[in-house]
>>> print(open('query.pdb').read())   # PDB, C-alpha atoms, pLDDT in the B column
ATOM      1  CA  MET A 299      47.429 -11.856  -2.398  1.00 96.00           C
ATOM      2  CA  LYS A 300      44.190 -12.817  -0.689  1.00 98.00           C
ATOM      3  CA  PHE A 301      42.106  -9.872   0.497  1.00 98.00           C
ATOM      4  CA  GLY A 302      39.169  -9.579   2.841  1.00 98.00           C
ATOM      5  CA  ILE A 303      37.140  -6.383   2.774  1.00 98.00           C
ATOM      6  CA  LEU A 304      35.039  -4.674   5.411  1.00 98.00           C
ATOM      7  CA  ILE A 305      32.529  -2.028   4.346  1.00 98.00           C
ATOM      8  CA  ASN A 306      31.079   0.125   7.091  1.00 97.00           C
ATOM      9  CA  GLU A 307      29.081   2.754   5.217  1.00 97.00           C
ATOM     10  CA  GLY A 308      25.932   2.803   3.131  1.00 97.00           C
ATOM     11  CA  PRO A 309      25.795   3.284  -0.647  1.00 97.00           C
ATOM     12  CA  TYR A 310      25.075   6.675  -2.254  1.00 97.00           C
ATOM     13  CA  THR A 311      25.463   8.570   1.034  1.00 95.00           C
ATOM     14  CA  HIS A 312      29.140   7.768   1.464  1.00 96.00           C
ATOM     15  CA  GLN A 313      32.016   7.024  -0.874  1.00 97.00           C
ATOM     16  CA  ALA A 314      33.203   3.969   1.083  1.00 97.00           C
ATOM     17  CA  SER A 315      31.374   1.334  -0.953  1.00 97.00           C
ATOM     18  CA  ASP A 316      32.369   2.959  -4.267  1.00 98.00           C
ATOM     19  CA  THR A 317      36.022   2.971  -3.255  1.00 98.00           C
ATOM     20  CA  ALA A 318      35.738  -0.591  -1.971  1.00 98.00           C
ATOM     21  CA  PHE A 319      34.236  -1.652  -5.290  1.00 98.00           C
ATOM     22  CA  LEU A 320      36.999   0.034  -7.300  1.00 98.00           C
ATOM     23  CA  PHE A 321      39.605  -1.557  -5.041  1.00 98.00           C
ATOM     24  CA  THR A 322      37.992  -4.981  -5.458  1.00 98.00           C
ATOM     25  CA  LYS A 323      37.848  -4.575  -9.234  1.00 98.00           C
ATOM     26  CA  ALA A 324      41.489  -3.501  -9.420  1.00 98.00           C
ATOM     27  CA  ALA A 325      42.554  -6.360  -7.157  1.00 98.00           C
ATOM     28  CA  VAL A 326      40.848  -9.122  -9.152  1.00 98.00           C
ATOM     29  CA  GLU A 327      41.937  -7.612 -12.476  1.00 97.00           C
ATOM     30  CA  ASN A 328      45.524  -7.770 -11.275  1.00 98.00           C
ATOM     31  CA  GLY A 329      45.418 -11.417 -10.326  1.00 97.00           C
ATOM     32  CA  HIS A 330      44.670 -11.066  -6.625  1.00 98.00           C
ATOM     33  CA  THR A 331      41.845 -12.791  -4.810  1.00 98.00           C
ATOM     34  CA  VAL A 332      39.085 -11.103  -2.868  1.00 98.00           C
ATOM     35  CA  SER A 333      37.612 -13.972  -0.937  1.00 98.00           C
ATOM     36  CA  ARG A 334      35.044 -12.205   1.212  1.00 98.00           C
ATOM     37  CA  ILE A 335      33.418  -8.810   1.552  1.00 98.00           C
ATOM     38  CA  PHE A 336      31.740  -8.185   4.886  1.00 98.00           C
ATOM     39  CA  PHE A 337      29.045  -5.513   5.180  1.00 98.00           C
ATOM     40  CA  TYR A 338      28.611  -3.933   8.583  1.00 97.00           C
ATOM     41  CA  HIS A 339      27.080  -0.823  10.195  1.00 96.00           C
ATOM     42  CA  ASP A 340      25.206   1.096   7.442  1.00 97.00           C
ATOM     43  CA  GLY A 341      27.258  -0.919   4.969  1.00 98.00           C
ATOM     44  CA  VAL A 342      24.485  -3.534   5.112  1.00 98.00           C
ATOM     45  CA  ASN A 343      22.411  -1.165   2.949  1.00 98.00           C
ATOM     46  CA  ASN A 344      24.606  -2.219   0.021  1.00 98.00           C
ATOM     47  CA  SER A 345      22.688  -5.493  -0.049  1.00 98.00           C
ATOM     48  CA  THR A 346      19.044  -4.561  -0.460  1.00 98.00           C
ATOM     49  CA  SER A 347      17.293  -5.525  -3.666  1.00 98.00           C
ATOM     50  CA  LEU A 348      14.818  -2.680  -3.091  1.00 97.00           C
ATOM     51  CA  THR A 349      17.423  -0.132  -4.190  1.00 96.00           C
ATOM     52  CA  GLU A 350      16.353   1.807  -7.305  1.00 96.00           C
ATOM     53  CA  PRO A 351      18.830   4.501  -8.286  1.00 96.00           C
ATOM     54  CA  PRO A 352      18.006   6.945 -11.109  1.00 96.00           C
ATOM     55  CA  GLN A 353      18.806   5.548 -14.556  1.00 95.00           C
ATOM     56  CA  ASP A 354      21.784   7.819 -15.136  1.00 96.00           C
ATOM     57  CA  ASP A 355      23.459   6.725 -11.896  1.00 97.00           C
ATOM     58  CA  ARG A 356      25.498   3.645 -11.061  1.00 97.00           C
ATOM     59  CA  ASN A 357      23.656   0.698  -9.545  1.00 98.00           C
ATOM     60  CA  ILE A 358      25.825  -0.080  -6.544  1.00 98.00           C
ATOM     61  CA  VAL A 359      23.884  -3.145  -5.423  1.00 98.00           C
ATOM     62  CA  ASP A 360      23.845  -4.790  -8.875  1.00 98.00           C
ATOM     63  CA  ARG A 361      27.511  -3.995  -9.273  1.00 98.00           C
ATOM     64  CA  TRP A 362      28.301  -6.057  -6.154  1.00 98.00           C
ATOM     65  CA  SER A 363      26.115  -8.946  -7.321  1.00 98.00           C
ATOM     66  CA  LYS A 364      27.871  -9.040 -10.700  1.00 98.00           C
ATOM     67  CA  ILE A 365      31.453  -8.837  -9.509  1.00 98.00           C
ATOM     68  CA  ALA A 366      30.737 -11.449  -6.852  1.00 98.00           C
ATOM     69  CA  GLU A 367      29.369 -13.872  -9.417  1.00 98.00           C
ATOM     70  CA  GLU A 368      32.248 -13.300 -11.846  1.00 98.00           C
ATOM     71  CA  HIS A 369      34.985 -13.685  -9.280  1.00 98.00           C
ATOM     72  CA  LYS A 370      33.361 -15.990  -6.715  1.00 97.00           C
ATOM     73  CA  ILE A 371      33.391 -13.443  -3.932  1.00 98.00           C
ATOM     74  CA  ASP A 372      31.490 -14.251  -0.750  1.00 98.00           C
ATOM     75  CA  LEU A 373      29.289 -11.240   0.089  1.00 98.00           C
ATOM     76  CA  VAL A 374      28.326 -11.470   3.744  1.00 98.00           C
ATOM     77  CA  VAL A 375      25.914  -9.141   5.523  1.00 98.00           C
ATOM     78  CA  CYS A 376      25.951  -8.941   9.312  1.00 97.00           C
ATOM     79  CA  VAL A 377      22.676 -10.337  10.640  1.00 97.00           C
ATOM     80  CA  ALA A 378      22.271  -8.023  13.637  1.00 95.00           C
ATOM     81  CA  ALA A 379      23.176  -4.902  11.667  1.00 96.00           C
ATOM     82  CA  ALA A 380      20.915  -5.995   8.794  1.00 98.00           C
ATOM     83  CA  LEU A 381      17.839  -6.733  10.899  1.00 97.00           C
ATOM     84  CA  ARG A 382      18.212  -3.381  12.680  1.00 95.00           C
ATOM     85  CA  ARG A 383      18.018  -1.697   9.294  1.00 97.00           C
ATOM     86  CA  GLY A 384      15.182  -3.704   7.738  1.00 97.00           C
ATOM     87  CA  ILE A 385      17.291  -6.016   5.619  1.00 98.00           C
ATOM     88  CA  ARG A 386      16.308  -9.663   5.586  1.00 97.00           C
ATOM     89  CA  ASN A 387      16.449 -12.625   3.240  1.00 97.00           C
ATOM     90  CA  GLU A 388      13.239 -11.492   1.487  1.00 98.00           C
ATOM     91  CA  ASN A 389      14.871  -8.310   0.187  1.00 97.00           C
ATOM     92  CA  LEU A 390      18.443  -9.478  -0.128  1.00 98.00           C
ATOM     93  CA  ALA A 391      20.041  -8.899  -3.547  1.00 98.00           C
ATOM     94  CA  LYS A 392      21.588 -11.716  -5.570  1.00 98.00           C
ATOM     95  CA  GLY A 393      24.912 -13.054  -4.363  1.00 98.00           C
ATOM     96  CA  PHE A 394      24.620 -11.744  -0.803  1.00 98.00           C
ATOM     97  CA  ARG A 395      24.055 -13.895   2.245  1.00 98.00           C
ATOM     98  CA  ILE A 396      23.213 -12.969   5.829  1.00 98.00           C
ATOM     99  CA  SER A 397      25.429 -14.365   8.565  1.00 98.00           C
ATOM    100  CA  GLY A 398      27.213 -13.429  11.760  1.00 97.00           C
ATOM    101  CA  LEU A 399      30.203 -11.347  12.775  1.00 96.00           C
ATOM    102  CA  GLY A 400      32.262 -14.515  13.049  1.00 96.00           C
ATOM    103  CA  GLN A 401      32.554 -14.330   9.256  1.00 97.00           C
ATOM    104  CA  LEU A 402      34.396 -11.037   9.619  1.00 97.00           C
ATOM    105  CA  ILE A 403      36.827 -12.418  12.177  1.00 96.00           C
ATOM    106  CA  GLU A 404      37.340 -15.506  10.044  1.00 96.00           C
ATOM    107  CA  ALA A 405      38.190 -13.279   7.056  1.00 97.00           C
ATOM    108  CA  GLY A 406      40.738 -11.501   9.257  1.00 97.00           C
ATOM    109  CA  ILE A 407      42.313 -14.835  10.158  1.00 96.00           C
ATOM    110  CA  GLN A 408      42.299 -16.380   6.693  1.00 96.00           C
ATOM    111  CA  CYS A 409      43.159 -13.424   4.446  1.00 97.00           C
ATOM    112  CA  ASP A 410      46.573 -11.875   3.969  1.00 97.00           C
ATOM    113  CA  ARG A 411      45.041  -8.417   4.391  1.00 97.00           C
ATOM    114  CA  LEU A 412      41.737  -7.184   5.754  1.00 97.00           C
ATOM    115  CA  ILE A 413      40.958  -3.733   4.396  1.00 96.00           C
ATOM    116  CA  THR A 414      38.366  -1.458   5.989  1.00 96.00           C
ATOM    117  CA  PHE A 415      36.383   1.067   3.976  1.00 97.00           C
ATOM    118  CA  GLY A 416      34.526   3.567   6.108  1.00 94.00           C
ATOM    119  CA  ASP A 417      35.006   6.698   8.175  1.00 85.00           C
TER     120      ASP A 417
ATOM    121  CA  MET B 480      26.459 -22.427  13.396  1.00 48.00           C
ATOM    122  CA  SER B 481      26.148 -20.791  16.732  1.00 55.00           C
ATOM    123  CA  GLU B 482      25.153 -17.414  18.119  1.00 61.00           C
ATOM    124  CA  ALA B 483      28.307 -17.053  20.188  1.00 64.00           C
ATOM    125  CA  THR B 484      30.660 -17.483  17.266  1.00 71.00           C
ATOM    126  CA  GLY B 485      28.694 -15.375  14.812  1.00 73.00           C
ATOM    127  CA  GLY B 486      27.798 -17.887  12.165  1.00 75.00           C
ATOM    128  CA  ILE B 487      30.961 -19.964  12.257  1.00 74.00           C
ATOM    129  CA  ASP B 488      31.048 -23.627  13.145  1.00 69.00           C
ATOM    130  CA  MET B 489      34.094 -23.822  15.388  1.00 65.00           C
ATOM    131  CA  ASP B 490      34.580 -27.509  14.616  1.00 58.00           C
ATOM    132  CA  ASP B 491      35.389 -26.853  10.971  1.00 54.00           C
ATOM    133  CA  GLU B 492      38.805 -25.818   9.785  1.00 51.00           C
ATOM    134  CA  SER B 493      38.024 -22.124   9.546  1.00 53.00           C
ATOM    135  CA  GLY B 494      40.380 -21.154  12.334  1.00 51.00           C
ATOM    136  CA  GLU B 495      43.166 -23.494  11.262  1.00 59.00           C
ATOM    137  CA  GLY B 496      44.817 -22.917  14.623  1.00 79.00           C
ATOM    138  CA  THR B 497      46.205 -19.586  13.438  1.00 84.00           C
ATOM    139  CA  ILE B 498      46.575 -16.934  16.110  1.00 91.00           C
ATOM    140  CA  LYS B 499      46.794 -13.417  14.768  1.00 95.00           C
ATOM    141  CA  LYS B 500      47.072 -10.096  16.519  1.00 96.00           C
ATOM    142  CA  PHE B 501      43.777  -8.253  16.155  1.00 96.00           C
ATOM    143  CA  MET B 502      43.458  -4.629  17.193  1.00 97.00           C
ATOM    144  CA  TYR B 503      40.132  -2.829  17.468  1.00 96.00           C
ATOM    145  CA  LEU B 504      40.493   0.892  17.201  1.00 96.00           C
ATOM    146  CA  ASN B 505      37.658   2.881  18.766  1.00 97.00           C
ATOM    147  CA  ARG B 506      37.666   6.492  17.668  1.00 97.00           C
ATOM    148  CA  LYS B 507      34.116   7.737  18.025  1.00 97.00           C
ATOM    149  CA  ALA B 508      31.930   8.948  20.889  1.00 97.00           C
ATOM    150  CA  PRO B 509      29.700   6.240  22.407  1.00 97.00           C
ATOM    151  CA  TYR B 510      26.405   7.883  21.471  1.00 97.00           C
ATOM    152  CA  GLY B 511      25.320   9.943  18.485  1.00 95.00           C
ATOM    153  CA  THR B 512      26.263   7.172  16.074  1.00 94.00           C
ATOM    154  CA  ILE B 513      26.080   3.391  16.371  1.00 93.00           C
ATOM    155  CA  TYR B 514      29.782   2.739  15.689  1.00 94.00           C
ATOM    156  CA  ALA B 515      30.837   2.220  19.302  1.00 96.00           C
ATOM    157  CA  LEU B 516      28.039  -0.228  20.109  1.00 95.00           C
ATOM    158  CA  GLU B 517      28.432  -2.257  16.918  1.00 92.00           C
ATOM    159  CA  SER B 518      32.208  -2.315  17.376  1.00 93.00           C
ATOM    160  CA  LEU B 519      31.814  -3.726  20.838  1.00 95.00           C
ATOM    161  CA  GLU B 520      29.653  -6.451  19.305  1.00 94.00           C
ATOM    162  CA  VAL B 521      32.556  -7.378  17.014  1.00 95.00           C
ATOM    163  CA  VAL B 522      34.939  -7.586  19.951  1.00 95.00           C
ATOM    164  CA  LEU B 523      32.611  -9.869  21.917  1.00 93.00           C
ATOM    165  CA  ILE B 524      32.304 -12.253  18.956  1.00 92.00           C
ATOM    166  CA  ALA B 525      36.046 -12.100  18.315  1.00 91.00           C
ATOM    167  CA  ALA B 526      36.665 -13.291  21.854  1.00 87.00           C
ATOM    168  CA  ALA B 527      35.318 -16.702  20.882  1.00 90.00           C
ATOM    169  CA  PHE B 528      38.053 -17.127  18.260  1.00 92.00           C
ATOM    170  CA  ASP B 529      41.040 -17.318  20.610  1.00 89.00           C
ATOM    171  CA  GLN B 530      42.932 -14.585  18.807  1.00 92.00           C
ATOM    172  CA  ASP B 531      45.321 -12.118  20.396  1.00 93.00           C
ATOM    173  CA  CYS B 532      42.969  -9.147  20.866  1.00 95.00           C
ATOM    174  CA  SER B 533      43.603  -5.590  21.929  1.00 96.00           C
ATOM    175  CA  LEU B 534      41.412  -2.495  22.064  1.00 97.00           C
ATOM    176  CA  VAL B 535      42.468   1.087  21.608  1.00 98.00           C
ATOM    177  CA  PHE B 536      40.458   4.126  22.608  1.00 98.00           C
ATOM    178  CA  MET B 537      41.520   7.325  20.949  1.00 98.00           C
ATOM    179  CA  ASP B 538      40.044  10.611  19.719  1.00 98.00           C
ATOM    180  CA  ASP B 539      36.421  10.827  20.959  1.00 98.00           C
ATOM    181  CA  GLY B 540      36.552   7.048  21.442  1.00 98.00           C
ATOM    182  CA  VAL B 541      37.991   7.774  24.884  1.00 98.00           C
ATOM    183  CA  TYR B 542      34.481   8.819  25.918  1.00 98.00           C
ATOM    184  CA  GLN B 543      33.287   5.230  25.377  1.00 98.00           C
ATOM    185  CA  ILE B 544      34.860   4.181  28.660  1.00 98.00           C
ATOM    186  CA  ILE B 545      34.226   7.135  30.946  1.00 97.00           C
ATOM    187  CA  LYS B 546      32.453   6.550  34.231  1.00 97.00           C
ATOM    188  CA  GLY B 547      28.971   7.786  34.948  1.00 96.00           C
ATOM    189  CA  GLN B 548      27.263   7.415  31.602  1.00 97.00           C
ATOM    190  CA  HIS B 549      23.517   8.137  31.781  1.00 96.00           C
ATOM    191  CA  THR B 550      21.517   7.613  28.623  1.00 96.00           C
ATOM    192  CA  LYS B 551      17.927   7.541  29.817  1.00 93.00           C
ATOM    193  CA  ASN B 552      17.158  10.952  28.382  1.00 94.00           C
ATOM    194  CA  ILE B 553      18.501  10.152  24.915  1.00 94.00           C
ATOM    195  CA  ALA B 554      16.429   6.968  24.524  1.00 92.00           C
ATOM    196  CA  THR B 555      19.564   4.902  24.010  1.00 93.00           C
ATOM    197  CA  LYS B 556      20.875   1.863  25.826  1.00 93.00           C
ATOM    198  CA  ASN B 557      23.831   2.500  28.128  1.00 96.00           C
ATOM    199  CA  PHE B 558      26.202  -0.249  27.049  1.00 96.00           C
ATOM    200  CA  SER B 559      29.218   0.994  29.007  1.00 97.00           C
ATOM    201  CA  PRO B 560      28.976  -1.780  31.683  1.00 96.00           C
ATOM    202  CA  THR B 561      29.896  -4.251  28.916  1.00 96.00           C
ATOM    203  CA  TYR B 562      33.445  -2.852  28.789  1.00 96.00           C
ATOM    204  CA  ARG B 563      33.910  -4.050  32.334  1.00 95.00           C
ATOM    205  CA  ALA B 564      32.942  -7.553  31.248  1.00 94.00           C
ATOM    206  CA  LEU B 565      35.726  -7.761  28.654  1.00 94.00           C
ATOM    207  CA  GLU B 566      38.144  -9.111  31.225  1.00 92.00           C
ATOM    208  CA  GLY B 567      35.880 -12.143  31.579  1.00 92.00           C
ATOM    209  CA  TYR B 568      36.367 -12.764  27.852  1.00 92.00           C
ATOM    210  CA  ASP B 569      40.149 -12.691  28.290  1.00 91.00           C
ATOM    211  CA  ILE B 570      40.396  -9.332  26.565  1.00 93.00           C
ATOM    212  CA  GLU B 571      42.772  -7.537  28.856  1.00 91.00           C
ATOM    213  CA  LYS B 572      44.868  -5.381  26.550  1.00 96.00           C
ATOM    214  CA  LEU B 573      43.133  -2.040  26.597  1.00 97.00           C
ATOM    215  CA  TYR B 574      45.059   1.018  25.491  1.00 98.00           C
ATOM    216  CA  VAL B 575      44.140   4.671  25.714  1.00 98.00           C
ATOM    217  CA  GLU B 576      46.013   7.224  23.675  1.00 98.00           C
ATOM    218  CA  LYS B 577      47.470   9.714  26.127  1.00 98.00           C
ATOM    219  CA  GLU B 578      47.088  12.737  23.872  1.00 98.00           C
ATOM    220  CA  SER B 579      43.393  12.044  23.229  1.00 98.00           C
ATOM    221  CA  MET B 580      42.705  11.585  26.940  1.00 98.00           C
ATOM    222  CA  GLU B 581      44.524  14.738  27.978  1.00 98.00           C
ATOM    223  CA  ALA B 582      43.054  16.862  25.205  1.00 98.00           C
ATOM    224  CA  ARG B 583      39.641  16.063  26.676  1.00 98.00           C
ATOM    225  CA  GLY B 584      40.648  16.956  30.231  1.00 98.00           C
ATOM    226  CA  LEU B 585      40.364  13.331  31.369  1.00 98.00           C
ATOM    227  CA  THR B 586      42.575  11.204  33.603  1.00 98.00           C
ATOM    228  CA  GLN B 587      42.696   7.468  34.228  1.00 97.00           C
ATOM    229  CA  GLU B 588      40.525   8.100  37.292  1.00 97.00           C
ATOM    230  CA  ASP B 589      37.660   9.003  34.981  1.00 98.00           C
ATOM    231  CA  LEU B 590      37.727   5.646  33.190  1.00 98.00           C
ATOM    232  CA  LEU B 591      35.618   2.652  34.164  1.00 96.00           C
ATOM    233  CA  VAL B 592      38.152  -0.029  33.205  1.00 96.00           C
ATOM    234  CA  ASP B 593      41.860  -0.542  33.812  1.00 96.00           C
ATOM    235  CA  VAL B 594      43.810   0.624  30.805  1.00 97.00           C
ATOM    236  CA  GLN B 595      47.360   1.265  29.736  1.00 98.00           C
ATOM    237  CA  VAL B 596      47.811   4.887  28.793  1.00 98.00           C
ATOM    238  CA  VAL B 597      50.297   5.138  25.946  1.00 98.00           C
ATOM    239  CA  ASP B 598      51.512   8.101  23.932  1.00 98.00           C
ATOM    240  CA  SER B 599      50.930   8.350  20.229  1.00 98.00           C
ATOM    241  CA  ALA B 600      54.445   7.204  19.269  1.00 98.00           C
ATOM    242  CA  THR B 601      54.246   4.107  21.502  1.00 98.00           C
ATOM    243  CA  LEU B 602      50.805   3.321  20.129  1.00 98.00           C
ATOM    244  CA  ALA B 603      52.158   3.557  16.582  1.00 98.00           C
ATOM    245  CA  GLY B 604      54.732   0.920  17.548  1.00 98.00           C
ATOM    246  CA  ILE B 605      52.036  -1.377  18.949  1.00 98.00           C
ATOM    247  CA  MET B 606      50.019  -0.923  15.762  1.00 97.00           C
ATOM    248  CA  GLN B 607      53.031  -1.948  13.696  1.00 97.00           C
ATOM    249  CA  GLU B 608      53.020  -5.325  15.447  1.00 97.00           C
ATOM    250  CA  GLN B 609      49.392  -6.106  14.535  1.00 97.00           C
ATOM    251  CA  ASP B 610      48.168  -8.457  11.805  1.00 96.00           C
ATOM    252  CA  VAL B 611      44.661  -7.029  11.579  1.00 96.00           C
ATOM    253  CA  ILE B 612      43.446  -3.593  12.627  1.00 96.00           C
ATOM    254  CA  MET B 613      39.778  -2.701  12.488  1.00 95.00           C
ATOM    255  CA  SER B 614      38.989   0.936  12.970  1.00 92.00           C
ATOM    256  CA  PHE B 615      35.492   1.988  13.969  1.00 91.00           C
TER     257      PHE B 615
END
>>> encode(input="query.pdb", output="structure tokens")
Amino acid sequence: MKFGILINEGPYTHQASDTAFLFTKAAVENGHTVSRIFFYHDGVNNSTSLTEPPQDDRNIVDRWSKIAEEHKIDLVVCVAAALRRGIRNENLAKGFRISGLGQLIEAGIQCDRLITFGD
Amino acid sequence: MSEATGGIDMDDESGEGTIKKFMYLNRKAPYGTIYALESLEVVLIAAAFDQDCSLVFMDDGVYQIIKGQHTKNIATKNFSPTYRALEGYDIEKLYVEKESMEARGLTQEDLLVDVQVVDSATLAGIMQEQDVIMSF
């Protein structure tokens, strides 16, 4: 099955991006495709390369970059939501790209399921 | 790439002529968090994609469309007039969950747009028919 994913909450504050990551990992490991992950609302904070968690904690941003590279997942960050929160190309982590909300709608049209992770 | 379609070139094959039923579920109060405003931004972009769109207002989301919103004293933009513009984008299916409206002491008279008030069981049926539901 082809999945699209929407993440609406920031890393570390909220479990949404952890659960979304575990879902994505389980999906690709079981032969499904995750074609696009769209980051919206505070979810855009998953994409900043300025993130520096303590050494004994998971690195949520790197984790996205790695899984995206391994499984060719398109990580899209909403431009308006990103700019509001100080995220721009200069501090965008590897594998992410900034684009518009149309990418979210397109994922809804093209994927078999669009799954939202948030409140 | 264009502003109106949110980064999608409408001449490519991205849409593939597919029309799906999209439902946008609004569950949070209009101010206090940014969810309502950013959700409305999704709906306005979605309108450019010629999909079958509907909006639902339930829980505190009902407050998003009440008349007489004044935000000057909370330093926040009053975006409620935008809901009245949805009709111009051919988004005409607006549902309000009856139980949420009544629990808040509101009636249809208090709302700034024309809506269909549906009970929770009916709404569940409408949700069953959808291809994509985004809840904000």
>>> resolve_selection(input="query.pdb", expression="the PyMOL selection byres ((chain A and resi 371) around 7)", output="ChimeraX atom specification")
/A:332-334,366-367,369-370,372-373
>>> atom_distance(input="query.pdb", atom1="atom CA of B:Asp529", atom2="atom CA of A:Ile407")
10.8 Å
>>> interface_residues(input="query.pdb", of="chain A", to="chain B", cutoff="9 Å", atoms="all atoms listed in the file", output="PDB file with C-alpha atoms, keeping the file's coordinate frame")
ATOM      1  CA  LEU A 304      35.039  -4.674   5.411  1.00 98.00           C
ATOM      2  CA  ASN A 306      31.079   0.125   7.091  1.00 97.00           C
ATOM      3  CA  TYR A 338      28.611  -3.933   8.583  1.00 97.00           C
ATOM      4  CA  HIS A 339      27.080  -0.823  10.195  1.00 96.00           C
ATOM      5  CA  CYS A 376      25.951  -8.941   9.312  1.00 97.00           C
ATOM      6  CA  VAL A 377      22.676 -10.337  10.640  1.00 97.00           C
ATOM      7  CA  ALA A 379      23.176  -4.902  11.667  1.00 96.00           C
ATOM      8  CA  SER A 397      25.429 -14.365   8.565  1.00 98.00           C
ATOM      9  CA  GLY A 398      27.213 -13.429  11.760  1.00 97.00           C
ATOM     10  CA  LEU A 399      30.203 -11.347  12.775  1.00 96.00           C
ATOM     11  CA  GLY A 400      32.262 -14.515  13.049  1.00 96.00           C
ATOM     12  CA  GLN A 401      32.554 -14.330   9.256  1.00 97.00           C
ATOM     13  CA  LEU A 402      34.396 -11.037   9.619  1.00 97.00           C
ATOM     14  CA  ILE A 403      36.827 -12.418  12.177  1.00 96.00           C
ATOM     15  CA  GLU A 404      37.340 -15.506  10.044  1.00 96.00           C
ATOM     16  CA  GLY A 406      40.738 -11.501   9.257  1.00 97.00           C
ATOM     17  CA  ILE A 407      42.313 -14.835  10.158  1.00 96.00           C
ATOM     18  CA  GLN A 408      42.299 -16.380   6.693  1.00 96.00           C
ATOM     19  CA  ASP A 410      46.573 -11.875   3.969  1.00 97.00           C
ATOM     20  CA  ARG A 411      45.041  -8.417   4.391  1.00 97.00           C
ATOM     21  CA  LEU A 412      41.737  -7.184   5.754  1.00 97.00           C
ATOM     22  CA  ILE A 413      40.958  -3.733   4.396  1.00 96.00           C
ATOM     23  CA  THR A 414      38.366  -1.458   5.989  1.00 96.00           C
ATOM     24  CA  GLY A 416      34.526   3.567   6.108  1.00 94.00           C
ATOM     25  CA  ASP A 417      35.006   6.698   8.175  1.00 85.00           C
TER      26      ASP A 417
END
>>> resolve_selection(input="query.pdb", expression="the PyMOL selection byres ((chain A and resi 342) around 12)", output="ChimeraX atom specification")
/A:304-309,315,335-341,343-347,359,373-386,389-391,394-397
>>> write_last_selection(input="query.pdb", atoms="C-alpha atoms", output="short mmCIF file (atom, residue, chain, number, x, y, z; two decimals), in the coordinates of the input")
data_model
loop_
_atom_site.label_atom_id
_atom_site.label_comp_id
_atom_site.auth_asym_id
_atom_site.auth_seq_id
_atom_site.Cartn_x
_atom_site.Cartn_y
_atom_site.Cartn_z
CA LEU A 304 35.04 -4.67 5.41
CA ILE A 305 32.53 -2.03 4.35
CA ASN A 306 31.08 0.12 7.09
CA GLU A 307 29.08 2.75 5.22
CA GLY A 308 25.93 2.80 3.13
CA PRO A 309 25.80 3.28 -0.65
CA SER A 315 31.37 1.33 -0.95
CA ILE A 335 33.42 -8.81 1.55
CA PHE A 336 31.74 -8.18 4.89
CA PHE A 337 29.04 -5.51 5.18
CA TYR A 338 28.61 -3.93 8.58
CA HIS A 339 27.08 -0.82 10.20
CA ASP A 340 25.21 1.10 7.44
CA GLY A 341 27.26 -0.92 4.97
CA ASN A 343 22.41 -1.16 2.95
CA ASN A 344 24.61 -2.22 0.02
CA SER A 345 22.69 -5.49 -0.05
CA THR A 346 19.04 -4.56 -0.46
CA SER A 347 17.29 -5.52 -3.67
CA VAL A 359 23.88 -3.14 -5.42
CA LEU A 373 29.29 -11.24 0.09
CA VAL A 374 28.33 -11.47 3.74
CA VAL A 375 25.91 -9.14 5.52
CA CYS A 376 25.95 -8.94 9.31
CA VAL A 377 22.68 -10.34 10.64
CA ALA A 378 22.27 -8.02 13.64
CA ALA A 379 23.18 -4.90 11.67
CA ALA A 380 20.92 -6.00 8.79
CA LEU A 381 17.84 -6.73 10.90
CA ARG A 382 18.21 -3.38 12.68
CA ARG A 383 18.02 -1.70 9.29
CA GLY A 384 15.18 -3.70 7.74
CA ILE A 385 17.29 -6.02 5.62
CA ARG A 386 16.31 -9.66 5.59
CA ASN A 389 14.87 -8.31 0.19
CA LEU A 390 18.44 -9.48 -0.13
CA ALA A 391 20.04 -8.90 -3.55
CA PHE A 394 24.62 -11.74 -0.80
CA ARG A 395 24.06 -13.90 2.24
CA ILE A 396 23.21 -12.97 5.83
CA SER A 397 25.43 -14.36 8.56
#
>>> residues_around(input="query.pdb", residues="A:Arg361", least_positions_apart="3", cutoff="10 Å", atoms="only C-alpha atoms", output="MDAnalysis selection string")
chainID A and resid 316 319 344 356:358 364:366
>>> closest_residue(input="query.pdb", among="A:Glu350, A:Phe301, A:Ala405, A:Lys392", to="A:Lys323", atoms="all atoms listed in the file")
A:Phe301
>>> resolve_selection(input="query.pdb", expression="the PyMOL selection byres ((chain B and resi 538-546) around 8)", output="PDB file with C-alpha atoms, keeping the file's coordinate frame")
ATOM      1  CA  ASN B 505      37.658   2.881  18.766  1.00 97.00           C
ATOM      2  CA  ARG B 506      37.666   6.492  17.668  1.00 97.00           C
ATOM      3  CA  LYS B 507      34.116   7.737  18.025  1.00 97.00           C
ATOM      4  CA  ALA B 508      31.930   8.948  20.889  1.00 97.00           C
ATOM      5  CA  PRO B 509      29.700   6.240  22.407  1.00 97.00           C
ATOM      6  CA  ALA B 515      30.837   2.220  19.302  1.00 96.00           C
ATOM      7  CA  PHE B 536      40.458   4.126  22.608  1.00 98.00           C
ATOM      8  CA  MET B 537      41.520   7.325  20.949  1.00 98.00           C
ATOM      9  CA  GLY B 547      28.971   7.786  34.948  1.00 96.00           C
ATOM     10  CA  GLN B 548      27.263   7.415  31.602  1.00 97.00           C
ATOM     11  CA  SER B 559      29.218   0.994  29.007  1.00 97.00           C
ATOM     12  CA  TYR B 562      33.445  -2.852  28.789  1.00 96.00           C
ATOM     13  CA  VAL B 575      44.140   4.671  25.714  1.00 98.00           C
ATOM     14  CA  GLU B 576      46.013   7.224  23.675  1.00 98.00           C
ATOM     15  CA  SER B 579      43.393  12.044  23.229  1.00 98.00           C
ATOM     16  CA  MET B 580      42.705  11.585  26.940  1.00 98.00           C
ATOM     17  CA  ASP B 589      37.660   9.003  34.981  1.00 98.00           C
ATOM     18  CA  LEU B 590      37.727   5.646  33.190  1.00 98.00           C
ATOM     19  CA  LEU B 591      35.618   2.652  34.164  1.00 96.00           C
ATOM     20  CA  VAL B 592      38.152  -0.029  33.205  1.00 96.00           C
TER      21      VAL B 592
END
